[in-house]
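Okay, so here's the structure we're looking at.
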Amino acid sequence: MFKQIGNFFLLTLSLIFISTNFALANPEKGLLSTKRVAVTGGRIEGSLTADGVLSFRGIPYAAAPVGKLRWKAPQPLLPWKGVRNADDFGPRPVQESNLLYEFRSKEMSEDCLYLNVWTSASSNQEKRPVYVFIHGGSFIHGDGSQPAYDGESMAKQGVVYVSINYRLGVFGFMSHPELSKESGYGGSGNYGLLDQVAALEWIKKNISQFGGDPNRVTIGGESVGAQSVSAHMVSPLSRGLFAAAIAESGSLIDVRALVLPLNKSEELGTELTTFSKSGSIADMRLMPAEKLLKYVEKGNPRRFKPVIDGYFLKENPEKTFISGRQANVPLLIGWNAQEVPAMALFRLRRINTKNYKAAVERIYKEKAADVLALYPAATNAEVKKASSEFMSDRLINYSSWKLAELHAKQKSAPVYRYLFAQPHPGLNQRTIREGNAFQVLIKKLLNKVIAGTSFHASEIEYALGNLDVQDNYDWKTEDYKVSKQMQSYFVNFIKNGNPNGPGIDQIQLTNWPVYNGGNKAAFLKIAGNSSVETDTTEERYLFFQSLEQTE
């Protein structure tokens with residue numbers, strides 16, 4: 001009798017202990033009140049904003065890629081003890097400093113494989129859509145802590161939002177024969193893209209703890225973030241990890257060599273090894289990150305790019321899209337009205353008809369007449385517009401157009417194309433006046449370039465609802481109106497694979513038609529008064545398409 005009571009008492013205590021620990025690890029109720037979740041590696045505790053959004057910052061998703069793990073595919077996490085604070089961003093990837101980038105991370109380190117989650121779900125029983133944002137920065141700059149990428153506003157709209165870090169530059173994309181030999185698959189490079197895959201795998205396993213649905217993940221990104229999206233659409237390693245895609249201003253399908261064959265990428269790695277006087281990869285792994293970065297900066301810091309490694313990328317992405325073997329997912333894609341300023345073509349020379357003609361001839365030689373016919377400029381006043389359109393098409397727009405065309409051609413998943421045309425208000429006077437005389441001068445010059453244009457990356461704050469987070473700009477009432485429109489389209493697409501639906505605060509949305517490709521195809525022009533337009537610039541993109549085998 002007493003033995004049975006004792007056993008029952010022990011069983012009861014055990015059940016209480018198990019249920020208590022289960023509640024701490026898996027807070028099915030009270031996610032916002034406990035602020036704790038259990039993820040791969042252990043338990044973490046986030047912080048709650050005044051608007052009721054729970055943020056978890058600096059969550060590790062793979063082992064630190066340092067020492068012997070430099071230039072290796074991301075490795076599994078080592079678990080930690082106790083509850084890890086997730087109230088601050090993890091270190092940003094090693095990179096050269098750049099005045100155009102603003103970070104909220106406090107330090108820089110090779111130990112950079114962290115992600116951040118924002119959610120307003122009250123329980124991990126909810127099945128909210130998930131948006132994973134991949135930052136831009138030419139594969140050599142950036143991180144997930146940048147203010148423009150903040151996730152609170154998206155979380156308030158019912159989206160579980162994730163921003164990620166990944167290895168950059170020489171640390172993320174260098175190939176070398178020794179690395180290919182040791183990899184186990186005969187290739188090397190693409191470590192930054194493999195990091196992104198590891199982050200998506202982590203999200204697949206863990207996002208339900210934050211109230212997210214692992215089967216409703218949309219990946220998105222801007223610039224090389226959009227290039228990364230196009231890479232995941234063709235990589236066998238990314239299949240099943242996302243259900244929709246957003247590509248802002250870019251893809252890997254381009255007339256320029258944005259993807260290298262393995263042998264060329266290995267040559268670049270070998271050249272660096274020789275230049276740095278390192279005898280082997282083992283020696284290179286012992287070199288301090290800052291010293292290695294300095295060697296890279298003495299050459300072309302952008303020479304390390306995505307590579308056809310036979311593992312993450314089996315072939316050039318364009319071949320996969322042409323054959324229709326890419327991921328069969330809805331795609332929202334577009335670019336900005338003035339991606340690249342005219343000054344990018346002139347190399348500090350005067351912007352006039354003479355220099356315009358000379359610059360085009362320098363780039364395209366015997367085909368210069370074709371370019372000048374497609375981008376005519378009879379007066380100096382017309383040169384600024386024509387040269388901006390030319391450089392924007394050449395460096396950004398064509399690659400986005402081609403991705404949209406190839407994906408729409410399959411007709412198996414919808415494509416929605418946009419043109420962001422809201423003129424940017426520029427820096428506010430408070431921001432311009434901050435700093436020394438030289439800094440003030442630089443900001444004044446920068447403001448002359450960006451104010452009144454829809455420049456590269458200017459759409460991000462609008463799309464993510466982060467105008468107030470970026471308080472260094474002189475936002476106007478119309479900017480907030482455009483932001484509500486664009487964020488509404490993005491949120492609807494993330495939730496349903498279709499940008500049409502309700503508007504935030506009941507703002508009216510123009511119906512966004514499916515993009516079918518080809519001449520006169522319909523797209524949405526996003527501005528103060530958004531409207532459906534038809535493409536009249538296809539001839540320009542067809543010109544760049546004709547150069548793919550020659551440029």
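Ordered as shown in the structure tokens, chains take letters A, B, and onward, while each chain numbers its residues from 1 and ligands are numbered from 1 in the order shown.
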Problem set entry | Which of region 355-397 of chain A DSSP labels alpha helix (DSSP H), written as a ChimeraX atom specification | /A:355-364,368-374,380-392
Could the residues in this selection be saved with N, CA, C and O atoms as a tab-separated table (two decimals), in the first residue's frame?
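Written output follows (result22.tsv):
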chain	number	residue	atom	x	y	z
A	355	ASN	N	31.22	63.71	-73.21
A	355	ASN	CA	31.73	62.68	-72.29
A	355	ASN	C	30.82	61.46	-72.25
A	355	ASN	O	31.28	60.34	-72.00
A	356	TYR	N	29.53	61.68	-72.44
A	356	TYR	CA	28.58	60.56	-72.49
A	356	TYR	C	28.92	59.63	-73.66
A	356	TYR	O	29.05	58.42	-73.50
A	357	LYS	N	29.10	60.20	-74.83
A	357	LYS	CA	29.44	59.42	-76.01
A	357	LYS	C	30.78	58.71	-75.83
A	357	LYS	O	30.92	57.52	-76.15
A	358	ALA	N	31.75	59.40	-75.26
A	358	ALA	CA	33.08	58.81	-75.07
A	358	ALA	C	33.02	57.65	-74.08
A	358	ALA	O	33.68	56.61	-74.27
A	359	ALA	N	32.23	57.82	-73.01
A	359	ALA	CA	32.13	56.76	-72.00
A	359	ALA	C	31.47	55.51	-72.56
A	359	ALA	O	31.91	54.38	-72.31
A	360	VAL	N	30.40	55.69	-73.34
A	360	VAL	CA	29.72	54.55	-73.95
A	360	VAL	C	30.64	53.85	-74.94
A	360	VAL	O	30.70	52.61	-74.99
A	361	GLU	N	31.38	54.62	-75.72
A	361	GLU	CA	32.32	54.03	-76.69
A	361	GLU	C	33.44	53.27	-75.98
A	361	GLU	O	33.92	52.25	-76.49
A	362	ARG	N	33.86	53.75	-74.82
A	362	ARG	CA	34.90	53.06	-74.07
A	362	ARG	C	34.42	51.68	-73.62
A	362	ARG	O	35.19	50.70	-73.63
A	363	ILE	N	33.16	51.57	-73.26
A	363	ILE	CA	32.62	50.30	-72.75
A	363	ILE	C	32.24	49.36	-73.89
A	363	ILE	O	32.57	48.17	-73.85
A	364	TYR	N	31.57	49.88	-74.92
A	364	TYR	CA	30.96	49.01	-75.92
A	364	TYR	C	31.57	49.10	-77.32
A	364	TYR	O	31.16	48.37	-78.21
A	368	ALA	N	28.64	50.79	-79.54
A	368	ALA	CA	28.28	52.04	-78.86
A	368	ALA	C	27.12	52.75	-79.54
A	368	ALA	O	26.26	53.34	-78.87
A	369	ALA	N	27.07	52.70	-80.87
A	369	ALA	CA	25.99	53.36	-81.60
A	369	ALA	C	24.63	52.78	-81.21
A	369	ALA	O	23.63	53.51	-81.13
A	370	ASP	N	24.59	51.46	-80.98
A	370	ASP	CA	23.34	50.83	-80.56
A	370	ASP	C	22.89	51.35	-79.20
A	370	ASP	O	21.70	51.61	-78.97
A	371	VAL	N	23.84	51.50	-78.29
A	371	VAL	CA	23.53	52.00	-76.94
A	371	VAL	C	23.03	53.43	-77.02
A	371	VAL	O	22.01	53.79	-76.40
A	372	LEU	N	23.70	54.26	-77.79
A	372	LEU	CA	23.32	55.67	-77.89
A	372	LEU	C	21.95	55.83	-78.54
A	372	LEU	O	21.23	56.79	-78.26
A	373	ALA	N	21.58	54.89	-79.41
A	373	ALA	CA	20.25	54.93	-80.01
A	373	ALA	C	19.17	54.52	-79.01
A	373	ALA	O	18.06	55.06	-79.03
A	374	LEU	N	19.49	53.57	-78.13
A	374	LEU	CA	18.53	53.12	-77.13
A	374	LEU	C	18.40	54.09	-75.97
A	374	LEU	O	17.35	54.16	-75.31
A	380	ASN	N	22.84	68.35	-73.03
A	380	ASN	CA	23.44	68.05	-71.73
A	380	ASN	C	22.37	67.77	-70.68
A	380	ASN	O	22.57	66.94	-69.78
A	381	ALA	N	21.24	68.44	-70.79
A	381	ALA	CA	20.16	68.22	-69.83
A	381	ALA	C	19.60	66.81	-69.91
A	381	ALA	O	19.14	66.24	-68.90
A	382	GLU	N	19.63	66.22	-71.10
A	382	GLU	CA	19.10	64.87	-71.30
A	382	GLU	C	20.10	63.79	-70.92
A	382	GLU	O	19.73	62.63	-70.71
A	383	VAL	N	21.37	64.15	-70.85
A	383	VAL	CA	22.42	63.17	-70.59
A	383	VAL	C	22.26	62.53	-69.21
A	383	VAL	O	22.44	61.31	-69.04
A	384	LYS	N	21.93	63.32	-68.22
A	384	LYS	CA	21.81	62.80	-66.85
A	384	LYS	C	20.79	61.68	-66.77
A	384	LYS	O	21.04	60.62	-66.18
A	385	LYS	N	19.63	61.90	-67.37
A	385	LYS	CA	18.57	60.88	-67.36
A	385	LYS	C	18.99	59.66	-68.17
A	385	LYS	O	18.85	58.52	-67.71
A	386	ALA	N	19.51	59.87	-69.37
A	386	ALA	CA	19.86	58.76	-70.26
A	386	ALA	C	20.97	57.90	-69.67
A	386	ALA	O	20.91	56.66	-69.71
A	387	SER	N	21.99	58.54	-69.10
A	387	SER	CA	23.11	57.78	-68.56
A	387	SER	C	22.72	57.02	-67.30
A	387	SER	O	23.21	55.90	-67.05
A	388	SER	N	21.81	57.60	-66.49
A	388	SER	CA	21.32	56.87	-65.32
A	388	SER	C	20.52	55.64	-65.74
A	388	SER	O	20.68	54.55	-65.17
A	389	GLU	N	19.67	55.79	-66.74
A	389	GLU	CA	18.89	54.65	-67.24
A	389	GLU	C	19.82	53.57	-67.81
A	389	GLU	O	19.61	52.38	-67.57
A	390	PHE	N	20.82	53.99	-68.56
A	390	PHE	CA	21.77	53.04	-69.15
A	390	PHE	C	22.52	52.26	-68.08
A	390	PHE	O	22.58	51.02	-68.10
A	391	MET	N	23.09	52.96	-67.10
A	391	MET	CA	23.87	52.29	-66.06
A	391	MET	C	22.96	51.44	-65.16
A	391	MET	O	23.36	50.36	-64.71
A	392	SER	N	21.75	51.92	-64.91
A	392	SER	CA	20.81	51.14	-64.08
A	392	SER	C	20.44	49.84	-64.77
A	392	SER	O	20.42	48.77	-64.15
For this session: With a distance cut-off of 8 Å and only C-alpha atoms, select the neighbouring residues of region 92-96 of chain A, excluding the residue or stretch itself and same-chain residues fewer than 4 positions from it, and output the selection as an NGL selection string.
Result: :A and (105 or 107-112 or 140-145 or 165-169 or 171 or 289-290 or 293)
Deliver the residues from the most recent selection as a file, using N, CA and C atoms, as a PDB file, in the first residue's frame.
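Written out: again10.pdb:
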ATOM      1  N   SER A 105      25.030  46.227 -34.644  1.00  0.00           N
ATOM      2  CA  SER A 105      25.911  45.254 -33.998  1.00  0.00           C
ATOM      3  C   SER A 105      27.107  45.996 -33.416  1.00  0.00           C
ATOM      4  N   GLU A 107      30.221  44.780 -32.671  1.00  0.00           N
ATOM      5  CA  GLU A 107      31.569  44.367 -33.046  1.00  0.00           C
ATOM      6  C   GLU A 107      31.551  43.593 -34.349  1.00  0.00           C
ATOM      7  N   MET A 108      32.748  43.324 -34.858  1.00  0.00           N
ATOM      8  CA  MET A 108      32.929  42.585 -36.097  1.00  0.00           C
ATOM      9  C   MET A 108      33.786  41.368 -35.791  1.00  0.00           C
ATOM     10  N   SER A 109      33.418  40.215 -36.375  1.00  0.00           N
ATOM     11  CA  SER A 109      34.147  38.993 -36.054  1.00  0.00           C
ATOM     12  C   SER A 109      33.878  37.926 -37.103  1.00  0.00           C
ATOM     13  N   GLU A 110      34.834  37.007 -37.260  1.00  0.00           N
ATOM     14  CA  GLU A 110      34.561  35.822 -38.077  1.00  0.00           C
ATOM     15  C   GLU A 110      33.466  34.977 -37.443  1.00  0.00           C
ATOM     16  N   ASP A 111      33.326  35.063 -36.155  1.00  0.00           N
ATOM     17  CA  ASP A 111      32.228  34.389 -35.448  1.00  0.00           C
ATOM     18  C   ASP A 111      30.966  35.215 -35.674  1.00  0.00           C
ATOM     19  N   CYS A 112      30.327  35.006 -36.837  1.00  0.00           N
ATOM     20  CA  CYS A 112      29.267  35.920 -37.274  1.00  0.00           C
ATOM     21  C   CYS A 112      27.971  35.228 -37.677  1.00  0.00           C
ATOM     22  N   ILE A 140      30.336  41.790 -49.863  1.00  0.00           N
ATOM     23  CA  ILE A 140      31.521  42.189 -49.090  1.00  0.00           C
ATOM     24  C   ILE A 140      31.150  43.102 -47.916  1.00  0.00           C
ATOM     25  N   HIS A 141      29.903  43.562 -47.854  1.00  0.00           N
ATOM     26  CA  HIS A 141      29.474  44.443 -46.771  1.00  0.00           C
ATOM     27  C   HIS A 141      28.104  43.997 -46.244  1.00  0.00           C
ATOM     28  N   GLY A 142      27.751  44.550 -45.073  1.00  0.00           N
ATOM     29  CA  GLY A 142      26.406  44.392 -44.550  1.00  0.00           C
ATOM     30  C   GLY A 142      26.262  43.384 -43.435  1.00  0.00           C
ATOM     31  N   ASP A 143      25.113  43.451 -42.758  1.00  0.00           N
ATOM     32  CA  ASP A 143      24.708  42.425 -41.801  1.00  0.00           C
ATOM     33  C   ASP A 143      23.245  42.635 -41.441  1.00  0.00           C
ATOM     34  N   GLY A 144      22.687  41.700 -40.702  1.00  0.00           N
ATOM     35  CA  GLY A 144      21.264  41.719 -40.402  1.00  0.00           C
ATOM     36  C   GLY A 144      20.836  42.719 -39.359  1.00  0.00           C
ATOM     37  N   SER A 145      21.791  43.468 -38.778  1.00  0.00           N
ATOM     38  CA  SER A 145      21.429  44.432 -37.731  1.00  0.00           C
ATOM     39  C   SER A 145      21.095  45.806 -38.277  1.00  0.00           C
ATOM     40  N   ASN A 165      22.826  36.888 -40.824  1.00  0.00           N
ATOM     41  CA  ASN A 165      24.196  37.183 -41.226  1.00  0.00           C
ATOM     42  C   ASN A 165      24.750  35.990 -42.003  1.00  0.00           C
ATOM     43  N   TYR A 166      25.748  36.243 -42.819  1.00  0.00           N
ATOM     44  CA  TYR A 166      26.453  35.169 -43.520  1.00  0.00           C
ATOM     45  C   TYR A 166      27.852  35.671 -43.856  1.00  0.00           C
ATOM     46  N   ARG A 167      28.784  34.749 -44.070  1.00  0.00           N
ATOM     47  CA  ARG A 167      30.168  35.143 -44.340  1.00  0.00           C
ATOM     48  C   ARG A 167      30.287  35.910 -45.655  1.00  0.00           C
ATOM     49  N   LEU A 168      31.201  36.879 -45.663  1.00  0.00           N
ATOM     50  CA  LEU A 168      31.357  37.785 -46.794  1.00  0.00           C
ATOM     51  C   LEU A 168      32.773  37.725 -47.374  1.00  0.00           C
ATOM     52  N   GLY A 169      32.887  38.216 -48.609  1.00  0.00           N
ATOM     53  CA  GLY A 169      34.191  38.409 -49.226  1.00  0.00           C
ATOM     54  C   GLY A 169      35.039  37.164 -49.255  1.00  0.00           C
ATOM     55  N   PHE A 171      36.222  35.443 -46.921  1.00  0.00           N
ATOM     56  CA  PHE A 171      35.817  34.441 -45.927  1.00  0.00           C
ATOM     57  C   PHE A 171      34.605  33.636 -46.406  1.00  0.00           C
ATOM     58  N   ALA A 289      42.295  37.533 -39.219  1.00  0.00           N
ATOM     59  CA  ALA A 289      41.293  37.971 -40.191  1.00  0.00           C
ATOM     60  C   ALA A 289      41.590  39.368 -40.727  1.00  0.00           C
ATOM     61  N   GLU A 290      42.025  40.271 -39.864  1.00  0.00           N
ATOM     62  CA  GLU A 290      42.292  41.641 -40.285  1.00  0.00           C
ATOM     63  C   GLU A 290      43.443  41.695 -41.289  1.00  0.00           C
ATOM     64  N   LEU A 293      42.209  40.361 -44.616  1.00  0.00           N
ATOM     65  CA  LEU A 293      41.350  41.350 -45.256  1.00  0.00           C
ATOM     66  C   LEU A 293      42.184  42.427 -45.938  1.00  0.00           C
TER      67      LEU A 293
END
Problem set entry | Point-to-point distance in Å for CA of Asn316 (chain A) and CA of Glu339 (chain A) | 25.2 Å
Exercise. Which polymer residues have any atom within 9 Å of an atom of Leu406 (chain A), counting only C-alpha atoms, with same-chain residues fewer than 6 positions away left out, as number ranges by chain?
Worked result: A: 318, 321-322, 324, 517
For this session: Between CA of Pro513 (chain A) and CA of Gln487 (chain A), measure the distance and give it in Å to one decimal.
Result: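 Pair CA of Pro513 (chain A) / CA of Gln487 (chain A) returns 17.1 Å.
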Exercise. Skipping near chain neighbours, those fewer than 6 positions away, what residues fall within 12 Å of His176 (chain A) using only C-alpha atoms, listed as a ChimeraX atom specification?
Worked result: /A:71-72,170,182-183,186-190,262-274,280-282,284,304,307,309
Exercise. From the list A:Arg349, A:Val39, A:Asp468, A:Met486, which residue is nearest Asn500 (chain A) when using only C-alpha atoms?
Worked result: A:Met486
Problem set entry | All residues 8 Å or closer to region 540-547 of chain A, only C-alpha atoms, same chain fewer than 6 positions away omitted, as a PyMOL selection string | chain A and resi 255+374+393-394+398+401
Would you export the selected residues with all heavy atoms as a PDB file, in the first residue's frame, please?
ATOM      1  N   VAL A 255      24.674  39.707 -67.826  1.00  0.00           N
ATOM      2  CA  VAL A 255      25.677  39.652 -68.895  1.00  0.00           C
ATOM      3  C   VAL A 255      27.086  39.673 -68.316  1.00  0.00           C
ATOM      4  O   VAL A 255      28.048  39.274 -68.977  1.00  0.00           O
ATOM      5  CB  VAL A 255      25.514  40.829 -69.879  1.00  0.00           C
ATOM      6  CG1 VAL A 255      24.214  40.701 -70.640  1.00  0.00           C
ATOM      7  CG2 VAL A 255      25.575  42.172 -69.161  1.00  0.00           C
ATOM      8  N   LEU A 374      19.489  53.575 -78.130  1.00  0.00           N
ATOM      9  CA  LEU A 374      18.527  53.118 -77.133  1.00  0.00           C
ATOM     10  C   LEU A 374      18.398  54.092 -75.967  1.00  0.00           C
ATOM     11  O   LEU A 374      17.353  54.159 -75.311  1.00  0.00           O
ATOM     12  CB  LEU A 374      18.954  51.744 -76.599  1.00  0.00           C
ATOM     13  CG  LEU A 374      18.813  50.570 -77.568  1.00  0.00           C
ATOM     14  CD1 LEU A 374      19.547  49.348 -77.030  1.00  0.00           C
ATOM     15  CD2 LEU A 374      17.346  50.244 -77.807  1.00  0.00           C
ATOM     16  N   ASP A 393      20.143  49.911 -66.077  1.00  0.00           N
ATOM     17  CA  ASP A 393      19.814  48.703 -66.836  1.00  0.00           C
ATOM     18  C   ASP A 393      20.998  47.749 -66.868  1.00  0.00           C
ATOM     19  O   ASP A 393      20.848  46.540 -66.690  1.00  0.00           O
ATOM     20  CB  ASP A 393      19.407  49.062 -68.260  1.00  0.00           C
ATOM     21  CG  ASP A 393      18.016  49.672 -68.350  1.00  0.00           C
ATOM     22  OD1 ASP A 393      17.296  49.661 -67.336  1.00  0.00           O
ATOM     23  OD2 ASP A 393      17.660  50.168 -69.429  1.00  0.00           O
ATOM     24  N   ARG A 394      22.163  48.299 -67.107  1.00  0.00           N
ATOM     25  CA  ARG A 394      23.367  47.473 -67.263  1.00  0.00           C
ATOM     26  C   ARG A 394      23.755  46.767 -65.973  1.00  0.00           C
ATOM     27  O   ARG A 394      24.141  45.587 -65.989  1.00  0.00           O
ATOM     28  CB  ARG A 394      24.521  48.353 -67.745  1.00  0.00           C
ATOM     29  CG  ARG A 394      25.841  47.629 -67.961  1.00  0.00           C
ATOM     30  CD  ARG A 394      26.851  48.550 -68.633  1.00  0.00           C
ATOM     31  NE  ARG A 394      28.099  47.843 -68.895  1.00  0.00           N
ATOM     32  CZ  ARG A 394      29.189  47.942 -68.140  1.00  0.00           C
ATOM     33  NH1 ARG A 394      29.185  48.743 -67.076  1.00  0.00           N
ATOM     34  NH2 ARG A 394      30.282  47.266 -68.426  1.00  0.00           N
ATOM     35  N   TYR A 398      18.546  44.785 -65.886  1.00  0.00           N
ATOM     36  CA  TYR A 398      18.492  43.669 -66.829  1.00  0.00           C
ATOM     37  C   TYR A 398      18.439  42.332 -66.089  1.00  0.00           C
ATOM     38  O   TYR A 398      17.661  41.438 -66.459  1.00  0.00           O
ATOM     39  CB  TYR A 398      19.691  43.679 -67.777  1.00  0.00           C
ATOM     40  CG  TYR A 398      19.772  42.396 -68.574  1.00  0.00           C
ATOM     41  CD1 TYR A 398      18.874  42.148 -69.615  1.00  0.00           C
ATOM     42  CD2 TYR A 398      20.695  41.400 -68.242  1.00  0.00           C
ATOM     43  CE1 TYR A 398      18.911  40.950 -70.317  1.00  0.00           C
ATOM     44  CE2 TYR A 398      20.733  40.211 -68.938  1.00  0.00           C
ATOM     45  CZ  TYR A 398      19.845  39.989 -69.974  1.00  0.00           C
ATOM     46  OH  TYR A 398      19.864  38.788 -70.650  1.00  0.00           O
ATOM     47  N   TRP A 401      14.962  41.836 -64.770  1.00  0.00           N
ATOM     48  CA  TRP A 401      14.045  41.587 -65.897  1.00  0.00           C
ATOM     49  C   TRP A 401      14.182  40.166 -66.421  1.00  0.00           C
ATOM     50  O   TRP A 401      13.191  39.477 -66.646  1.00  0.00           O
ATOM     51  CB  TRP A 401      14.330  42.596 -67.016  1.00  0.00           C
ATOM     52  CG  TRP A 401      13.552  42.339 -68.281  1.00  0.00           C
ATOM     53  CD1 TRP A 401      12.287  42.736 -68.564  1.00  0.00           C
ATOM     54  CD2 TRP A 401      14.008  41.608 -69.428  1.00  0.00           C
ATOM     55  NE1 TRP A 401      11.912  42.302 -69.828  1.00  0.00           N
ATOM     56  CE2 TRP A 401      12.954  41.619 -70.377  1.00  0.00           C
ATOM     57  CE3 TRP A 401      15.198  40.968 -69.752  1.00  0.00           C
ATOM     58  CZ2 TRP A 401      13.063  40.993 -71.623  1.00  0.00           C
ATOM     59  CZ3 TRP A 401      15.322  40.340 -70.992  1.00  0.00           C
ATOM     60  CH2 TRP A 401      14.251  40.363 -71.913  1.00  0.00           C
TER      61      TRP A 401
END
Output as CSV one row per residue of region 162-208 of chain A within 10 Å of region 226-248 of chain A: the closest atom pair and its distance in Å to one decimal place, counting only C-alpha atoms, sorted by chain and residue number ascending.
residue,atom,partner,partner_atom,distance
A:Gly192,CA,A:Ser228,CA,9.6
A:Leu193,CA,A:Ser228,CA,7.1
A:Leu194,CA,A:Leu237,CA,8.5
A:Gln196,CA,A:Ser228,CA,8.6
A:Val197,CA,A:Ser238,CA,6.2
A:Ala198,CA,A:Ser238,CA,9.3
A:Ala199,CA,A:Leu241,CA,9.9
A:Leu200,CA,A:Leu241,CA,6.2
A:Glu201,CA,A:Leu241,CA,6.7
A:Trp202,CA,A:Leu241,CA,9.8
A:Ile203,CA,A:Leu241,CA,8.5
A:Lys204,CA,A:Leu241,CA,6.6
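Using only C-alpha atoms, the shortest contact distance between Pro65 (chain A) and any of A:Tyr161, A:Tyr131, A:Phe420, A:Tyr191 is found at A:Tyr191.
You can rank A:Gln470, A:Glu405, A:Leu395, A:Tyr114 by their closest distance to Glu538 (chain A) using only C-alpha atoms, and at the top of that list sits A:Glu405.
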